[in-house]
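Q: Pasting upload-v8.cif here (mmCIF, C-alpha atoms):
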```cif
data_model
loop_
_atom_site.group_PDB
_atom_site.id
_atom_site.type_symbol
_atom_site.label_atom_id
_atom_site.label_comp_id
_atom_site.auth_asym_id
_atom_site.auth_seq_id
_atom_site.Cartn_x
_atom_site.Cartn_y
_atom_site.Cartn_z
ATOM 1 C CA MET A 212 137.283 83.170 70.153
ATOM 2 C CA ASP A 213 140.073 80.658 70.373
ATOM 3 C CA PHE A 214 138.872 78.258 73.058
ATOM 4 C CA ARG A 215 141.847 75.963 72.600
ATOM 5 C CA ARG A 216 144.282 78.789 73.435
ATOM 6 C CA MET A 217 142.154 79.963 76.356
ATOM 7 C CA THR A 218 141.985 76.436 77.779
ATOM 8 C CA ARG A 219 145.727 75.921 77.398
ATOM 9 C CA GLU A 220 146.485 79.232 79.098
ATOM 10 C CA PHE A 221 144.140 78.382 81.941
ATOM 11 C CA LEU A 222 145.317 74.809 82.509
ATOM 12 C CA LEU A 223 149.024 75.331 81.974
ATOM 13 C CA GLY A 224 149.263 78.819 83.387
ATOM 14 C CA GLU A 225 150.825 80.064 80.162
ATOM 15 C CA SER A 226 149.266 83.484 80.534
ATOM 16 C CA LYS A 227 151.222 84.178 83.712
ATOM 17 C CA THR A 228 154.802 85.368 83.600
ATOM 18 C CA PRO A 229 157.208 83.410 85.783
ATOM 19 C CA SER A 230 158.084 84.881 89.144
ATOM 20 C CA VAL A 231 161.552 86.027 90.108
ATOM 21 C CA ALA A 232 161.799 83.050 92.447
ATOM 22 C CA SER A 233 161.248 80.635 89.561
ATOM 23 C CA TYR A 234 163.957 82.366 87.514
ATOM 24 C CA ILE A 235 166.350 82.108 90.466
ATOM 25 C CA GLN A 236 165.482 78.433 90.905
ATOM 26 C CA SER A 237 166.116 77.792 87.218
ATOM 27 C CA ILE A 238 169.514 79.485 87.323
ATOM 28 C CA SER A 239 170.398 77.542 90.449
ATOM 29 C CA GLU A 240 169.541 74.239 88.749
ATOM 30 C CA VAL A 241 171.642 75.149 85.724
ATOM 31 C CA LEU A 242 174.616 76.021 87.935
ATOM 32 C CA GLU A 243 174.292 72.697 89.740
ATOM 33 C CA ALA A 244 174.257 70.810 86.428
ATOM 34 C CA ILE A 245 177.444 72.431 85.113
ATOM 35 C CA THR A 246 180.588 70.397 85.593
ATOM 36 C CA PRO A 247 183.699 72.556 85.707
ATOM 37 C CA ARG A 248 186.592 71.543 83.461
ATOM 38 C CA SER A 249 189.222 73.647 85.195
ATOM 39 C CA LYS A 250 189.847 75.416 88.482
ATOM 40 C CA THR A 251 188.976 78.705 86.843
ATOM 41 C CA ASP A 252 185.596 77.338 85.794
ATOM 42 C CA ALA A 253 185.012 75.987 89.297
ATOM 43 C CA LEU A 254 185.804 79.378 90.816
ATOM 44 C CA ARG A 255 183.493 81.139 88.373
ATOM 45 C CA ILE A 256 180.670 78.747 89.227
ATOM 46 C CA GLU A 257 181.209 79.281 92.953
ATOM 47 C CA THR A 258 181.201 83.038 92.432
ATOM 48 C CA ALA A 259 177.954 82.755 90.468
ATOM 49 C CA ARG A 260 176.408 80.628 93.246
ATOM 50 C CA GLY A 261 177.404 83.217 95.835
ATOM 51 C CA SER A 262 175.939 86.015 93.740
ATOM 52 C CA LEU A 263 172.745 84.035 93.251
ATOM 53 C CA LYS A 264 172.497 83.532 97.000
ATOM 54 C CA GLU A 265 172.746 87.315 97.497
ATOM 55 C CA VAL A 266 170.118 87.924 94.807
ATOM 56 C CA ARG A 267 167.805 85.457 96.549
ATOM 57 C CA ARG A 268 168.333 87.246 99.872
ATOM 58 C CA HIS A 269 167.623 90.663 98.337
ATOM 59 C CA CYS A 270 164.499 89.374 96.580
ATOM 60 C CA ARG A 271 163.175 88.006 99.854
ATOM 61 C CA LYS A 272 163.767 91.365 101.580
ATOM 62 C CA LEU A 273 162.073 93.217 98.725
ATOM 63 C CA GLN A 274 159.083 90.869 98.873
ATOM 64 C CA GLU A 275 158.765 91.442 102.621
ATOM 65 C CA ARG A 276 158.921 95.196 102.051
ATOM 66 C CA ILE A 277 156.275 95.018 99.320
ATOM 67 C CA THR A 278 153.981 93.032 101.599
ATOM 68 C CA LEU A 279 154.424 95.577 104.401
ATOM 69 C CA LEU A 280 153.736 98.501 102.056
ATOM 70 C CA GLU A 281 150.639 96.808 100.622
ATOM 71 C CA GLU A 282 149.311 96.319 104.152
ATOM 72 C CA GLN A 283 149.947 99.993 104.932
ATOM 73 C CA VAL A 284 148.144 101.095 101.771
ATOM 74 C CA HIS A 285 145.219 98.827 102.638
ATOM 75 C CA ILE A 286 145.014 100.339 106.140
ATOM 76 C CA LEU A 287 145.174 103.879 104.736
ATOM 77 C CA GLU A 288 142.414 103.099 102.262
ATOM 78 C CA GLU A 289 140.227 101.732 105.063
ATOM 79 C CA ASN A 290 140.820 104.837 107.181
ATOM 80 C CA LYS A 291 139.983 107.085 104.229
ATOM 81 C CA GLU A 292 136.548 105.510 103.862
#
```
Translate this structure into structure tokens?
A:
Amino acid sequence: MDFRRMTREFLLGESKTPSVASYIQSISEVLEAITPRSKTDALRIETARGSLKEVRRHCRKLQERITLLEEQVHILEENKE
């Protein structure tokens, strides 16, 4: 057994894959850090920001839907027993 690896995974959360929200946050930070060198670059960055905003909105709706469906499954499982 590799206790060092197990400890690192536990303390740093390395065993977990990042959530979609963390990926979106990372992309958002990168877009904010980019400085456009031309108007074309500025327009591309703004388009990417708009697309990211839509992705964030869709992810939130999907998460709400997943939560609702999980609750329904839980209720159905309780009724089955």
Q: Just the number, please: distance in Å from CA of His269 (chain A) to CA of Val284 (chain A), one decimal.
A: 22.4 Å
Q: If you count all atoms listed in the file, which residues fall within 12 Å of region 228-231 of chain A, apart from same-chain ones fewer than 5 positions away, as a short mmCIF file (atom, residue, chain, number, x, y, z; two decimals) with C-alpha atoms, in the coordinates of the input?
A:
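For reference, part_18.cif as written:
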```cif
data_model
loop_
_atom_site.label_atom_id
_atom_site.label_comp_id
_atom_site.auth_asym_id
_atom_site.auth_seq_id
_atom_site.Cartn_x
_atom_site.Cartn_y
_atom_site.Cartn_z
CA GLU A 220 146.49 79.23 79.10
CA LEU A 223 149.02 75.33 81.97
CA GLN A 236 165.48 78.43 90.90
CA SER A 237 166.12 77.79 87.22
CA ILE A 238 169.51 79.48 87.32
CA LEU A 263 172.74 84.04 93.25
CA VAL A 266 170.12 87.92 94.81
CA ARG A 267 167.80 85.46 96.55
CA ARG A 268 168.33 87.25 99.87
CA HIS A 269 167.62 90.66 98.34
CA CYS A 270 164.50 89.37 96.58
CA ARG A 271 163.18 88.01 99.85
CA LEU A 273 162.07 93.22 98.72
CA GLN A 274 159.08 90.87 98.87
#
```
Q: Which value, in Å to one decimal, gives the distance between CA of Pro247 (chain A) and CA of Ser233 (chain A)?
A: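 CA of Ser233 (chain A) lies at a distance of 24.2 Å from CA of Pro247 (chain A).
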Q: Give the padded box for region 271-289 of chain A as JSON: axis-aligned, covering all atoms listed in the file, 5 Å on each side, centre and edge lengths in Å to one decimal.
A:
```
{"center_x": 152.0, "center_y": 95.9, "center_z": 102.4, "size_x": 33.5, "size_y": 25.9, "size_z": 17.4}
```
Q: What separation in Å, quoted to one decimal, exists between CA of Ile235 (chain A) and CA of Leu254 (chain A)?
A: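 Computing it gives 19.6 Å between the two atoms.
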Q: A:Glu289, A:Lys272, A:Thr246, A:Glu240: which is nearest Arg260 (chain A), counting only C-alpha atoms?
A: A:Glu240
